[in-house]
Amino acid sequence: MQNIKQRYDIIGNSPGLNRAIDIAVQVAPTDLSVLISGESGVGKEVFPQIIHQYSARKHGTYIAVNCGAIPEGTIDSELFGHEKGSFTGAIDSRKGYFEVANGGTIFLDEVSELPLSTQVRLLRVLETGEFLKVGSSKVIKTNVRVIAATNIDILKAIHQGKFREDLYYRLNTVPIEIPPLRNRKEDIHLLFRKFATDFAERNRMPPISLDEEAQHVLSNYRWPGNIRQLKNITEQISVIEENRKIAEQTLRKYLPDYYESKLPVIYDAVDQKTFASEREILYSILFDMKNDVTDLKKLVLEIMQKGPVSTEIREDNARIIQKLHQSVGSDDREDILNKKYEIPRPQDEDIQDTEEIIEESLSLEEKEKELIKKALVKHNGKRKYAADELGISERTLYRKIKEYDIT
Ligand SMILES: Nc1ncnc2c1ncn2[C@@H]1O[C@H](COP(=O)(O)OP(=O)(O)OP(=O)(O)O)[C@@H](O)[C@H]1O
Ligand SMILES: [Mg+2]
């Protein structure tokens, strides 16, 4: 681990980072596809290089393609090559990256940016090792290991129809998740010192350092741009500040939205409040339902004991019937109020059945639990989509899963 970190200039010792490096090394000797995900600036770029270097392909070609930077019209030709005359301007035939990198590795950065038609070609080459040049019908074989990276939520892209699900599963054979910097707080000050020293050496000046409060602010900032942002800010301060010991007040000037970065705490408080009021509402609904059930049980029991709905029963239970009247559609109201129900006097076991059904169908909690389970099963445990379908926030779903102990 230390060797790799030294060789690739990787700073940090957080468990998330170490785990990512560990997986990279483990998967390197295989030919499996790897999908590296993580926010922008977390340091994804070094991972495909590690994987290539620690594989048997290390003497083969390594090509990094930024899929987001190639125009949609030329991407197929870049990746798979084209035949002479296959489109206006194709004056020569050209080899694509998949042909050039035969025996080596291709890194597809920002893979989610690939047009859907290119995704189809990519899936084919991943599954069969075969592809066609643009404008050609001759099948070409290649042996390329594909590593892809994304800084967006691919599942969301799938949901929006922008990324093929089958390709996602094919690429994601081994996922490597690089955690955002705010989740590896212990690395933040280490990285700062490294960037400050590097800058000072390059520019022959004393390095900047942080006082204790400033260190605290640095480590608790949200770092939306992750390590890239930390590096930029360290270099900015190194250039601008004359005093090499940086105090908290000075540091804050360089941290955009420093106060907003603490917002999650406020959100938490709001959420607690929403939670409390939601619970309040649920309790009152449950309370009302319980009363209704009790009333209904009484009514049903009376009907069973005294036979068909008589005037007497109707008068005795006017309030309950009135309530029922309010909660059903107008077409049914007449029926409920006026129709002579011919309910046969039931046998004992029937009564038990009826009671069971009522008990079961009116438990709001059970129903909710059941719906959540169904939604989770339907979406293969993907909370985000389950929450979407249930029409609640992912956070609320998470809370309910915990609350109901759903596994
Ligand atoms: N662990 C680390 N130690 C030292 N430098 C790092 C580390 N991780 C990232 N960096 C540096 O941070 C910068 C951003 O990293 P990188 O380009 O790999 O980000 P990325 O995850 O590919 O982001 P994007 O999705 O925007 O392309 C680079 O200059 C890189 O050298
Ligand atoms: Mg990158």
# chains A, B, ... in the order shown; residues from 1 in each chain; ligands from 1

$ residues_around --residues "Ile106 in chain A" --least-positions-apart "6" --cutoff "8 Å" --atoms "only C-alpha atoms" --output "list of chain:residue names"
A:Tyr62, A:Ile63, A:Ala64, A:Val65, A:Tyr97, A:Phe98, A:Val144, A:Arg145, A:Val146, A:Ile147

$ residues_near_ligand --ligand "ligand 1" --cutoff "10 Å" --atoms "only C-alpha atoms and all ligand atoms" --output "PyMOL selection string"
chain A and resi 5-6+8-14+17-18+36-47+66+109-110+149-152+178-181+187-188+190-192+194-195+225-232

$ atom_distance --atom1 "CA of Val27 in chain A" --atom2 "CA of Lys156 in chain A"
26.3 Å

$ select_by_dssp --residues "range 14-171 of chain A" --states "alpha helix (DSSP H)" --output "count of residues only"
57

$ atom_distance --atom1 "CA of Arg121 in chain A" --atom2 "CA of Ile51 in chain A"
23.8 Å

$ atom_distance --atom1 "CA of Ala200 in chain A" --atom2 "CA of Ala214 in chain A"
19.3 Å

$ decode --residues "range 305-316 of chain A" --atoms "all heavy atoms" --output "compact mmCIF listing (two decimals), in the first residue's frame"
# COMPACT_ATOMS: atom_id res chain seq x y z
N GLN A 305 -76.21 -10.16 15.33
CA GLN A 305 -77.09 -10.66 16.38
C GLN A 305 -78.55 -10.46 16.04
O GLN A 305 -79.40 -11.30 16.31
CB GLN A 305 -76.75 -9.97 17.70
CG GLN A 305 -75.53 -10.59 18.35
CD GLN A 305 -75.00 -9.73 19.48
OE1 GLN A 305 -75.47 -8.61 19.70
NE2 GLN A 305 -74.01 -10.24 20.20
N LYS A 306 -78.88 -9.30 15.42
CA LYS A 306 -80.29 -8.97 15.22
C LYS A 306 -80.78 -9.21 13.80
O LYS A 306 -81.88 -8.84 13.45
CB LYS A 306 -80.54 -7.51 15.60
CG LYS A 306 -80.23 -7.25 17.07
CD LYS A 306 -80.58 -5.82 17.43
CE LYS A 306 -80.23 -5.56 18.90
NZ LYS A 306 -80.17 -4.14 19.19
N GLY A 307 -79.89 -9.74 12.95
CA GLY A 307 -80.32 -10.02 11.58
C GLY A 307 -80.18 -8.80 10.69
O GLY A 307 -79.43 -7.89 11.01
N PRO A 308 -80.92 -8.80 9.56
CA PRO A 308 -80.80 -7.73 8.56
C PRO A 308 -80.96 -6.34 9.18
O PRO A 308 -81.56 -6.20 10.24
CB PRO A 308 -81.96 -8.00 7.61
CG PRO A 308 -82.34 -9.41 7.84
CD PRO A 308 -81.95 -9.77 9.23
N VAL A 309 -80.42 -5.33 8.50
CA VAL A 309 -80.42 -3.96 9.04
C VAL A 309 -81.85 -3.50 9.29
O VAL A 309 -82.62 -3.28 8.36
CB VAL A 309 -79.73 -2.99 8.06
CG1 VAL A 309 -79.60 -1.61 8.70
CG2 VAL A 309 -78.38 -3.53 7.66
N SER A 310 -82.18 -3.38 10.54
CA SER A 310 -83.54 -2.97 10.88
C SER A 310 -83.55 -1.49 11.21
O SER A 310 -82.50 -0.88 11.37
CB SER A 310 -84.00 -3.77 12.11
OG SER A 310 -83.13 -3.42 13.17
N THR A 311 -84.73 -0.93 11.30
CA THR A 311 -84.86 0.49 11.67
C THR A 311 -84.18 0.73 13.00
O THR A 311 -83.51 1.74 13.22
CB THR A 311 -86.36 0.88 11.81
OG1 THR A 311 -87.10 0.06 10.91
CG2 THR A 311 -86.58 2.33 11.51
N GLU A 312 -84.37 -0.26 13.87
CA GLU A 312 -83.80 -0.12 15.22
C GLU A 312 -82.28 0.05 15.16
O GLU A 312 -81.71 0.97 15.75
CB GLU A 312 -84.14 -1.39 16.02
CG GLU A 312 -83.86 -1.30 17.49
CD GLU A 312 -83.91 -2.69 18.13
OE1 GLU A 312 -84.59 -3.59 17.55
OE2 GLU A 312 -83.24 -2.86 19.15
N ILE A 313 -81.65 -0.84 14.37
CA ILE A 313 -80.19 -0.76 14.24
C ILE A 313 -79.80 0.56 13.61
O ILE A 313 -78.87 1.23 14.04
CB ILE A 313 -79.66 -1.93 13.37
CG1 ILE A 313 -79.81 -3.25 14.13
CG2 ILE A 313 -78.19 -1.72 13.00
CD1 ILE A 313 -79.40 -4.46 13.33
N ARG A 314 -80.57 0.93 12.60
CA ARG A 314 -80.20 2.16 11.90
C ARG A 314 -80.28 3.36 12.85
O ARG A 314 -79.44 4.24 12.83
CB ARG A 314 -81.11 2.37 10.70
CG ARG A 314 -80.34 3.01 9.56
CD ARG A 314 -81.19 3.27 8.37
NE ARG A 314 -81.64 2.04 7.74
CZ ARG A 314 -82.59 2.01 6.83
NH1 ARG A 314 -83.23 3.11 6.50
NH2 ARG A 314 -82.95 0.88 6.26
N GLU A 315 -81.29 3.36 13.70
CA GLU A 315 -81.44 4.49 14.63
C GLU A 315 -80.34 4.47 15.68
O GLU A 315 -79.72 5.49 15.98
CB GLU A 315 -82.81 4.44 15.29
CG GLU A 315 -83.86 5.14 14.45
CD GLU A 315 -85.27 4.80 14.90
OE1 GLU A 315 -85.42 4.20 16.01
OE2 GLU A 315 -86.19 5.10 14.13
N ASP A 316 -80.09 3.28 16.18
CA ASP A 316 -79.06 3.16 17.23
C ASP A 316 -77.69 3.60 16.74
O ASP A 316 -76.88 4.10 17.50
CB ASP A 316 -78.96 1.70 17.70
CG ASP A 316 -80.08 1.38 18.67
OD1 ASP A 316 -80.77 2.33 19.10
OD2 ASP A 316 -80.26 0.19 18.98
